[in-house]
Every structure is written in structure tokens, then in C-alpha cells.
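One file, upload_39.cif, carrying mmCIF, C-alpha atoms:
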data_data
#
loop_
_atom_site.group_PDB
_atom_site.id
_atom_site.type_symbol
_atom_site.label_atom_id
_atom_site.label_comp_id
_atom_site.auth_asym_id
_atom_site.auth_seq_id
_atom_site.Cartn_x
_atom_site.Cartn_y
_atom_site.Cartn_z
ATOM 1 C CA LYS Q 821 0.000 0.000 0.000
ATOM 2 C CA ALA Q 822 1.313 3.444 -0.852
ATOM 3 C CA GLY Q 823 2.125 5.687 2.082
ATOM 4 C CA VAL Q 824 1.070 9.238 2.769
ATOM 5 C CA THR Q 825 2.247 11.597 0.063
ATOM 6 C CA GLN Q 826 2.763 15.324 0.356
ATOM 7 C CA THR Q 827 3.376 17.893 -2.338
ATOM 8 C CA PRO Q 828 5.384 19.908 -2.866
ATOM 9 C CA ARG Q 829 8.351 18.667 -0.842
ATOM 10 C CA TYR Q 830 10.085 22.036 -0.769
ATOM 11 C CA LEU Q 831 8.759 25.541 -1.140
ATOM 12 C CA ILE Q 832 10.222 29.026 -0.939
ATOM 13 C CA LYS Q 833 7.881 31.985 -0.540
ATOM 14 C CA THR Q 834 8.180 35.609 0.487
ATOM 15 C CA ARG Q 835 6.420 37.401 3.311
ATOM 16 C CA GLY Q 836 2.838 38.319 2.552
ATOM 17 C CA GLN Q 837 2.302 35.573 -0.006
ATOM 18 C CA GLN Q 838 0.015 32.617 0.505
ATOM 19 C CA VAL Q 839 0.750 28.939 0.087
ATOM 20 C CA THR Q 840 -1.213 25.724 -0.377
ATOM 21 C CA LEU Q 841 0.142 22.349 0.662
ATOM 22 C CA SER Q 842 -1.375 19.052 -0.387
ATOM 23 C CA CYS Q 843 -1.638 15.694 1.351
ATOM 24 C CA SER Q 844 -2.881 12.373 -0.004
ATOM 25 C CA PRO Q 845 -3.614 9.835 2.754
ATOM 26 C CA ILE Q 846 -3.071 6.113 2.728
ATOM 27 C CA SER Q 847 -5.850 4.440 0.758
ATOM 28 C CA GLY Q 848 -8.835 3.805 3.023
ATOM 29 C CA HIS Q 849 -7.782 6.291 5.682
ATOM 30 C CA ARG Q 850 -10.389 8.945 6.303
ATOM 31 C CA SER Q 851 -8.708 11.032 8.961
ATOM 32 C CA VAL Q 852 -6.007 13.527 8.013
ATOM 33 C CA SER Q 853 -4.094 15.613 10.533
ATOM 34 C CA TRP Q 854 -1.582 18.405 10.016
ATOM 35 C CA TYR Q 855 1.378 19.335 12.212
ATOM 36 C CA GLN Q 856 3.933 22.120 12.141
ATOM 37 C CA GLN Q 857 7.509 21.387 13.204
ATOM 38 C CA THR Q 858 9.950 24.169 14.042
ATOM 39 C CA PRO Q 859 13.240 24.109 15.984
ATOM 40 C CA GLY Q 860 11.821 26.477 18.573
ATOM 41 C CA GLN Q 861 8.324 25.121 19.136
ATOM 42 C CA GLY Q 862 8.789 21.484 18.190
ATOM 43 C CA LEU Q 863 5.851 19.557 16.782
ATOM 44 C CA GLN Q 864 2.510 21.269 17.113
ATOM 45 C CA PHE Q 865 -0.929 20.117 16.036
ATOM 46 C CA LEU Q 866 -2.643 22.302 13.462
ATOM 47 C CA PHE Q 867 -5.934 20.580 12.677
ATOM 48 C CA GLU Q 868 -7.618 17.292 11.814
ATOM 49 C CA TYR Q 869 -10.149 16.502 9.123
ATOM 50 C CA PHE Q 870 -12.488 13.547 8.933
ATOM 51 C CA SER Q 871 -15.086 12.994 6.231
ATOM 52 C CA GLU Q 872 -14.543 16.503 4.885
ATOM 53 C CA THR Q 873 -15.189 18.108 8.286
ATOM 54 C CA GLN Q 874 -12.700 19.762 10.575
ATOM 55 C CA ARG Q 875 -12.887 17.691 13.729
ATOM 56 C CA ASN Q 876 -10.231 19.347 15.839
ATOM 57 C CA LYS Q 877 -8.115 22.483 15.699
ATOM 58 C CA GLY Q 878 -4.896 23.533 17.370
ATOM 59 C CA ASN Q 879 -3.910 26.932 18.662
ATOM 60 C CA PHE Q 880 -2.931 28.647 15.431
ATOM 61 C CA PRO Q 881 -4.150 31.953 13.946
ATOM 62 C CA GLY Q 882 -6.878 32.063 11.346
ATOM 63 C CA ARG Q 883 -4.256 32.483 8.617
ATOM 64 C CA PHE Q 884 -3.894 28.712 8.802
ATOM 65 C CA SER Q 885 -6.803 26.862 7.228
ATOM 66 C CA GLY Q 886 -7.472 23.557 5.615
ATOM 67 C CA ARG Q 887 -9.984 21.416 3.887
ATOM 68 C CA GLN Q 888 -10.604 17.831 2.942
ATOM 69 C CA PHE Q 889 -12.101 16.495 -0.257
ATOM 70 C CA SER Q 890 -14.445 13.583 -0.773
ATOM 71 C CA ASN Q 891 -11.511 11.308 -1.679
ATOM 72 C CA SER Q 892 -9.915 12.172 1.722
ATOM 73 C CA ARG Q 893 -7.146 14.222 0.158
ATOM 74 C CA SER Q 894 -6.457 17.328 2.194
ATOM 75 C CA GLU Q 895 -5.022 20.746 1.567
ATOM 76 C CA MET Q 896 -3.611 23.239 3.988
ATOM 77 C CA ASN Q 897 -3.454 26.936 3.240
ATOM 78 C CA VAL Q 898 -1.445 29.661 4.927
ATOM 79 C CA SER Q 899 -2.260 33.216 3.968
ATOM 80 C CA THR Q 900 -0.172 36.343 4.517
ATOM 81 C CA LEU Q 901 2.979 34.382 5.234
ATOM 82 C CA GLU Q 902 5.282 35.497 8.035
ATOM 83 C CA LEU Q 903 8.930 34.622 8.575
ATOM 84 C CA GLY Q 904 7.911 32.485 11.551
ATOM 85 C CA ASP Q 905 5.848 30.234 9.307
ATOM 86 C CA SER Q 906 9.075 28.697 8.013
ATOM 87 C CA ALA Q 907 8.770 25.096 9.129
ATOM 88 C CA LEU Q 908 8.369 21.467 8.190
ATOM 89 C CA TYR Q 909 4.665 20.776 7.692
ATOM 90 C CA LEU Q 910 3.740 17.161 8.283
ATOM 91 C CA CYS Q 911 0.543 15.453 7.302
ATOM 92 C CA ALA Q 912 -0.651 12.201 8.864
ATOM 93 C CA SER Q 913 -3.493 9.849 8.059
ATOM 94 C CA SER Q 914 -5.094 7.241 10.257
ATOM 95 C CA LEU Q 915 -7.636 4.454 10.387
ATOM 96 C CA ARG Q 916 -9.369 3.300 13.537
ATOM 97 C CA LEU Q 917 -8.592 -0.338 14.325
ATOM 98 C CA ALA Q 918 -9.575 -2.121 17.536
ATOM 99 C CA GLY Q 919 -10.404 1.179 19.183
ATOM 100 C CA GLU Q 920 -7.109 2.871 18.476
ATOM 101 C CA GLU Q 921 -5.859 5.007 15.645
ATOM 102 C CA THR Q 922 -2.211 5.163 14.684
ATOM 103 C CA GLN Q 923 -1.140 8.158 12.650
ATOM 104 C CA TYR Q 924 1.130 7.492 9.701
ATOM 105 C CA PHE Q 925 3.055 10.495 8.499
ATOM 106 C CA GLY Q 926 4.089 11.697 5.087
ATOM 107 C CA PRO Q 927 7.571 12.995 4.199
ATOM 108 C CA GLY Q 928 6.589 16.591 4.929
ATOM 109 C CA THR Q 929 6.785 19.881 3.070
ATOM 110 C CA ARG Q 930 9.650 22.179 3.978
ATOM 111 C CA LEU Q 931 8.485 25.785 3.702
ATOM 112 C CA LEU Q 932 10.954 28.637 3.780
ATOM 113 C CA VAL Q 933 9.572 32.157 4.028
ATOM 114 C CA LEU Q 934 11.969 34.942 3.036
ATOM 115 C CA ALA P 703 -2.885 19.920 30.653
ATOM 116 C CA GLN P 704 -1.399 16.909 29.008
ATOM 117 C CA LYS P 705 2.349 16.935 28.609
ATOM 118 C CA ILE P 706 5.182 14.744 27.330
ATOM 119 C CA THR P 707 8.720 15.127 28.681
ATOM 120 C CA GLN P 708 11.855 13.732 27.085
ATOM 121 C CA THR P 709 14.786 14.697 29.282
ATOM 122 C CA GLN P 710 17.590 13.440 27.057
ATOM 123 C CA PRO P 711 18.351 15.902 24.250
ATOM 124 C CA GLY P 712 20.994 13.553 22.893
ATOM 125 C CA MET P 713 22.170 9.997 23.412
ATOM 126 C CA PHE P 714 24.862 7.901 21.855
ATOM 127 C CA VAL P 715 25.273 4.152 21.799
ATOM 128 C CA GLN P 716 27.743 1.667 20.400
ATOM 129 C CA GLU P 717 26.547 -0.433 17.504
ATOM 130 C CA LYS P 718 24.940 -3.745 18.608
ATOM 131 C CA GLU P 719 24.296 -2.479 22.126
ATOM 132 C CA ALA P 720 20.909 -1.693 23.649
ATOM 133 C CA VAL P 721 19.754 1.822 24.462
ATOM 134 C CA THR P 722 16.851 3.252 26.459
ATOM 135 C CA LEU P 723 15.209 6.549 25.554
ATOM 136 C CA ASP P 724 13.220 8.121 28.368
ATOM 137 C CA CYS P 725 9.698 9.487 28.190
ATOM 138 C CA THR P 726 7.413 10.648 30.978
ATOM 139 C CA TYR P 727 3.911 11.927 30.538
ATOM 140 C CA ASP P 728 1.282 13.773 32.453
ATOM 141 C CA THR P 729 -2.444 13.342 31.981
ATOM 142 C CA SER P 730 -5.575 13.142 34.078
ATOM 143 C CA ASP P 731 -7.381 11.103 31.426
ATOM 144 C CA PRO P 732 -7.599 7.412 32.423
ATOM 145 C CA SER P 733 -7.636 6.377 28.778
ATOM 146 C CA TYR P 734 -4.747 7.368 26.551
ATOM 147 C CA GLY P 735 -2.350 6.044 23.960
ATOM 148 C CA LEU P 736 1.413 6.414 23.838
ATOM 149 C CA PHE P 737 3.462 6.326 20.650
ATOM 150 C CA TRP P 738 7.083 6.449 19.603
ATOM 151 C CA TYR P 739 8.170 7.833 16.259
ATOM 152 C CA LYS P 740 11.557 7.966 14.553
ATOM 153 C CA GLN P 741 12.509 10.940 12.409
ATOM 154 C CA PRO P 742 15.597 10.548 10.206
ATOM 155 C CA SER P 743 17.244 13.595 8.704
ATOM 156 C CA SER P 744 14.924 13.289 5.701
ATOM 157 C CA GLY P 745 12.102 14.530 7.930
ATOM 158 C CA GLU P 746 9.535 11.764 7.655
ATOM 159 C CA MET P 747 8.057 10.564 10.955
ATOM 160 C CA ILE P 748 8.165 6.771 11.107
ATOM 161 C CA PHE P 749 5.807 4.987 13.507
ATOM 162 C CA LEU P 750 7.650 2.535 15.748
ATOM 163 C CA ILE P 751 5.454 1.288 18.567
ATOM 164 C CA TYR P 752 2.202 1.898 20.430
ATOM 165 C CA GLN P 753 1.075 1.297 24.039
ATOM 166 C CA GLY P 754 -2.473 1.698 25.256
ATOM 167 C CA SER P 755 -3.096 2.805 28.819
ATOM 168 C CA TYR P 756 -5.098 -0.335 29.556
ATOM 169 C CA ASP P 757 -2.646 -2.758 27.971
ATOM 170 C CA GLN P 758 -1.407 -5.216 30.553
ATOM 171 C CA GLN P 759 1.770 -6.150 28.726
ATOM 172 C CA ASN P 760 4.572 -3.997 27.402
ATOM 173 C CA ALA P 761 4.426 -3.509 23.659
ATOM 174 C CA THR P 762 7.130 -5.002 21.450
ATOM 175 C CA GLU P 763 7.852 -4.600 17.741
ATOM 176 C CA GLY P 764 10.958 -6.355 16.524
ATOM 177 C CA ARG P 765 13.980 -4.651 18.098
ATOM 178 C CA TYR P 766 11.752 -2.045 19.769
ATOM 179 C CA SER P 767 10.066 -2.511 23.101
ATOM 180 C CA LEU P 768 8.243 -0.106 25.326
ATOM 181 C CA ASN P 769 8.903 -0.190 29.059
ATOM 182 C CA PHE P 770 5.517 1.021 30.322
ATOM 183 C CA GLN P 771 5.329 1.939 34.017
ATOM 184 C CA LYS P 772 1.871 3.354 34.508
ATOM 185 C CA ALA P 773 2.241 4.341 38.157
ATOM 186 C CA ARG P 774 5.374 6.315 37.333
ATOM 187 C CA LYS P 775 3.805 7.678 34.129
ATOM 188 C CA SER P 776 6.765 6.618 32.068
ATOM 189 C CA ALA P 777 6.948 4.972 28.654
ATOM 190 C CA ASN P 778 10.583 4.411 27.813
ATOM 191 C CA LEU P 779 11.639 3.068 24.421
ATOM 192 C CA VAL P 780 14.219 0.303 24.404
ATOM 193 C CA ILE P 781 16.111 -0.398 21.199
ATOM 194 C CA SER P 782 18.023 -3.650 21.267
ATOM 195 C CA ALA P 783 21.040 -4.459 19.098
ATOM 196 C CA SER P 784 21.450 -0.902 17.796
ATOM 197 C CA GLN P 785 22.265 -0.425 14.137
ATOM 198 C CA LEU P 786 23.878 2.518 12.354
ATOM 199 C CA GLY P 787 20.538 3.167 10.647
ATOM 200 C CA ASP P 788 18.951 3.814 14.043
ATOM 201 C CA SER P 789 20.696 7.202 14.198
ATOM 202 C CA ALA P 790 17.812 9.706 14.140
ATOM 203 C CA MET P 791 15.531 11.854 16.288
ATOM 204 C CA TYR P 792 13.065 9.901 18.401
ATOM 205 C CA PHE P 793 9.789 11.385 19.577
ATOM 206 C CA CYS P 794 7.448 10.178 22.271
ATOM 207 C CA ALA P 795 3.818 11.206 21.764
ATOM 208 C CA MET P 796 0.522 10.865 23.572
ATOM 209 C CA ARG P 797 -2.856 10.739 21.937
ATOM 210 C CA GLU P 798 -5.257 13.067 23.606
ATOM 211 C CA ARG P 799 -8.614 11.314 23.756
ATOM 212 C CA THR P 800 -10.908 13.731 25.562
ATOM 213 C CA GLY P 801 -12.498 15.492 22.624
ATOM 214 C CA GLY P 802 -9.144 15.272 20.960
ATOM 215 C CA TYR P 803 -9.636 12.377 18.594
ATOM 216 C CA ASN P 804 -6.389 12.263 16.675
ATOM 217 C CA LYS P 805 -4.459 15.068 18.285
ATOM 218 C CA LEU P 806 -0.975 13.933 19.231
ATOM 219 C CA ILE P 807 1.088 15.789 21.803
ATOM 220 C CA PHE P 808 4.809 15.348 21.210
ATOM 221 C CA GLY P 809 7.848 15.582 23.425
ATOM 222 C CA ALA P 810 10.887 17.609 22.420
ATOM 223 C CA GLY P 811 12.653 14.541 21.094
ATOM 224 C CA THR P 812 15.944 12.731 21.703
ATOM 225 C CA ARG P 813 18.679 12.631 19.095
ATOM 226 C CA LEU P 814 20.270 9.194 19.017
ATOM 227 C CA ALA P 815 23.697 8.636 17.486
ATOM 228 C CA VAL P 816 24.861 5.069 16.907
ATOM 229 C CA HIS P 817 28.631 4.707 16.708
ATOM 230 C CA PRO P 818 30.394 1.826 14.901
#
I'd like the structure from this file rewritten - as C-alpha cells, please.
Amino acid sequence: KAGVTQTPRYLIKTRGQQVTLSCSPISGHRSVSWYQQTPGQGLQFLFEYFSETQRNKGNFPGRFSGRQFSNSRSEMNVSTLELGDSALYLCASSLRLAGEETQYFGPGTRLLVL
Amino acid sequence: AQKITQTQPGMFVQEKEAVTLDCTYDTSDPSYGLFWYKQPSSGEMIFLIYQGSYDQQNATEGRYSLNFQKARKSANLVISASQLGDSAMYFCAMRERTGGYNKLIFGAGTRLAVHP
């Protein structure tokens, strides 16, 4: 089975621009979560989508948004980029089995904001 | 608030030896899940092992085992017979269940270096 895929893998943007990141989950997985990883703050939860609905949201400003499509693919959008948005953005998908869900991560998108 | 603490910023081990990476957690939820992930320099988070709070036995997956001490709120990862390819960052994470569904809370990580 193919793993979680994320595109693009690397991205360079300038302050004030917006960016859209894409995530394709493992086939059959309906839950997609997004995380931001920075050297200063570590790994932080952004949001989770399930069946096209945002099910949970982390403590990030409204500039960070996302959506999920009917095929479970998800996109994350960051508007009005700031230097501090430079990070590795990780997407994870999961499937509930025996009452537990394990998140499987993609390779990430490295975003650099200049 | 739920919290994960990894007190070892860096560890090194000789190839073929065993190593223990520490993880303590704090939660008031009686039902929770604990995970360990490996992150090589490429950036991808690789799932290693899972322990449920109600599991009676310690989880094992190949060379990985989880030393779960519920009363002490610790979930240490033991890697046996270390290999050069084990050099990476290792993250302990807890799944927040109360309204949290799939939200994982991560520790700061431990960088493991395996020496030949």
C-alpha cells in the first residue's frame, strides 16, 4: 500500500504571499491531521479533518486553514505568510482499528519564508 | 494539561548495544495512547510502537520494546542491538482522547547517534 504523500516537498515563498500544501492519505484512511515542526516550538498540532469536516483544531491563527475532499485528500493553506511560518509541515493519516488510531506520516513539506 | 517530557536531548550508543530513551507523561485522562516515532534527517516521521493505557503487557515490535510503568507515568523506548541506521531523532507522543480524537502531543525529542 502506498504511504502518505505530500506535495510539494520544498517551497520558498516571500512574506505576505500565501501557500497551499497538499496531502494524499493512505488508501482507506479517512482522517487527516496536520502538524507544524519548528526548531523552537517542536511539533505542534494544526488541525484534523475527517469525512470533509474539521474535527479538531490547534492553537494557530486564522491564517492557517485547511480542507478535505471527498476522496480524503487534504489541503492546507497559509495566507499572509510570516517569517515564523518557516517550518516542516507534516501530514498524517489514520484508520481506527480495535479502538485505536495510529497516525502514519508523510515525508513533509519544507516551507521557507523569506 | 497533558504533557510529554523527554529529558535526554541527545544519546549515543555503540553499535549492537541496547539503548533506552526516556519518556514521561502527564495526563488526568484514564484512557490514553502512547506512541514512539523515529525521524531521520529526511524529515519523515516513522511509527515505531504503540502502548495503550489499559494494555497489561509492554508492547514489542521487533527490536523495539516499550517499558511502560503506569504508576510512574513513564513509557521508555528500548532499542536492542542498535544499528547505524537507528541514528535519528526519536519522539514520544501521547494521543489526547478527551475530545481530541487524533491530536498527538509530542515531546521535544531525543537525538540518538549510533557509533560503529
Please, which residues in chain Q fall within 12 Å of chain P when counting all atoms listed in the file, and what is the closest atom pair and distance in Å to one decimal for each, ordered by chain then residue number, as a tab-separated table?
residue	atom	partner	partner_atom	distance
Q:Gly823	CA	P:Ile748	CA	10.9
Q:Val824	CA	P:Glu746	CA	10.1
Q:Thr825	CA	P:Glu746	CA	10.5
Q:Gln826	CA	P:Glu746	CA	10.6
Q:Arg829	CA	P:Gly745	CA	10.4
Q:Tyr830	CA	P:Gly745	CA	11.7
Q:Arg850	CA	P:Asn804	CA	11.6
Q:Ser851	CA	P:Asn804	CA	8.1
Q:Val852	CA	P:Asn804	CA	8.8
Q:Ser853	CA	P:Asn804	CA	7.4
Q:Trp854	CA	P:Lys805	CA	9.4
Q:Tyr855	CA	P:Leu806	CA	9.2
Q:Gln856	CA	P:Phe808	CA	11.4
Q:Gln857	CA	P:Gly745	CA	9.8
Q:Thr858	CA	P:Ala810	CA	10.7
Q:Pro859	CA	P:Ala810	CA	9.4
Q:Gly860	CA	P:Ala810	CA	9.7
Q:Gln861	CA	P:Ala810	CA	8.6
Q:Gly862	CA	P:Ala810	CA	6.1
Q:Leu863	CA	P:Phe808	CA	6.2
Q:Gln864	CA	P:Ile807	CA	7.4
Q:Phe865	CA	P:Lys805	CA	6.6
Q:Leu866	CA	P:Lys805	CA	8.9
Q:Phe867	CA	P:Lys805	CA	8.0
Q:Glu868	CA	P:Asn804	CA	7.1
Q:Tyr869	CA	P:Asn804	CA	9.4
Q:Phe870	CA	P:Asn804	CA	9.9
Q:Gln874	CA	P:Tyr803	CA	11.3
Q:Arg875	CA	P:Tyr803	CA	7.9
Q:Asn876	CA	P:Gly802	CA	6.6
Q:Lys877	CA	P:Lys805	CA	8.7
Q:Gly878	CA	P:Lys805	CA	8.5
Q:Asn879	CA	P:Lys805	CA	11.9
Q:Ala907	CA	P:Gly745	CA	11.1
Q:Leu908	CA	P:Gly745	CA	7.9
Q:Tyr909	CA	P:Gly745	CA	9.7
Q:Leu910	CA	P:Glu746	CA	7.9
Q:Cys911	CA	P:Met747	CA	9.7
Q:Ala912	CA	P:Met747	CA	9.1
Q:Ser913	CA	P:Asn804	CA	9.4
Q:Ser914	CA	P:Asn804	CA	8.3
Q:Leu915	CA	P:Asn804	CA	10.1
Q:Arg916	CA	P:Asn804	CA	10.0
Q:Ala918	CA	P:Gly754	CA	11.2
Q:Gly919	CA	P:Gly754	CA	10.0
Q:Glu920	CA	P:Gly735	CA	7.9
Q:Glu921	CA	P:Asn804	CA	7.3
Q:Thr922	CA	P:Tyr752	CA	7.9
Q:Gln923	CA	P:Phe749	CA	7.7
Q:Tyr924	CA	P:Phe749	CA	6.5
Q:Phe925	CA	P:Met747	CA	5.6
Q:Gly926	CA	P:Glu746	CA	6.0
Q:Pro927	CA	P:Glu746	CA	4.2
Q:Gly928	CA	P:Glu746	CA	6.3
Q:Thr929	CA	P:Gly745	CA	9.0
Q:Arg930	CA	P:Gly745	CA	9.0
- Selection dump of the PyMOL selection byres ((chain Q and resi 895) around 8), as JSON, numbers by chain: {"Q": [840, 841, 842, 843, 886, 887, 888, 893, 894, 896, 897]}
Just want the 8 Å neighbourhood of Q:Asp905, counted on all atoms listed in the file, with same-chain residues fewer than 2 positions away dropped. Output as a compact mmCIF listing (two decimals) with C-alpha atoms, in the frame of the given file.
# COMPACT_ATOMS: atom_id res chain seq x y z
CA LEU Q 901 2.98 34.38 5.23
CA GLU Q 902 5.28 35.50 8.04
CA LEU Q 903 8.93 34.62 8.57
CA ALA Q 907 8.77 25.10 9.13
CA LEU Q 931 8.48 25.78 3.70
CA LEU Q 932 10.95 28.64 3.78
CA VAL Q 933 9.57 32.16 4.03
- Message: I'd like the residues picked by the PyMOL selection byres ((chain P and resi 712) around 12) written out as a PyMOL selection string, using the chain letters and numbers from the file.
- Response: chain P and resi 708-711+713-715+721-724+789-793+810-816
- Message: Would you compute the distance between atom CA of P:Leu786 and atom CA of P:Leu768? Give it in Å to one decimal.
- Response: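 These two atoms are separated by 20.5 Å.
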- Item | Atomic separation - atom CA of P:Ile706 relative to atom CA of P:Cys725, Å |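 Atom CA of P:Ile706 lies 7.0 Å from atom CA of P:Cys725.
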- Message: Rounded to one decimal, what separation in Å do you get between atom CA of P:Asp731 and atom CA of P:Gln758?
- Response: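 Interatomic distance here is 17.4 Å.
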- Could you pull the residues within 10 Å of P:Asp728, counting all atoms listed in the file, minus those fewer than 2 positions along the same chain, as a list in words?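 Surrounding residues, per the criterion: Ala703, Gln704, Lys705, Ile706, Thr707, Thr726, Ser730, Asp731, Arg774, Lys775, Ser776 and Met796 of chain P.
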- Query: Skipping near chain neighbours, those fewer than 4 positions away, what residues fall within 10 Å of Q:Ala822 using only C-alpha atoms, listed as a PyMOL selection string?
  - Reply: chain Q and resi 844-847
- Message: Under the rule that all atoms listed in the file are counted, which of Q:Gln837, Q:Ile832, Q:Gly848, Q:Thr827 is the nearest residue to Q:Ser892?
- Response: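 Selected residue with least distance to Q:Ser892: Q:Gly848.
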- Item | Nearest-residue call for P:Glu719, choices P:Glu798, P:Asn778, P:Gln771, P:Arg765, using all atoms listed in the file | P:Arg765
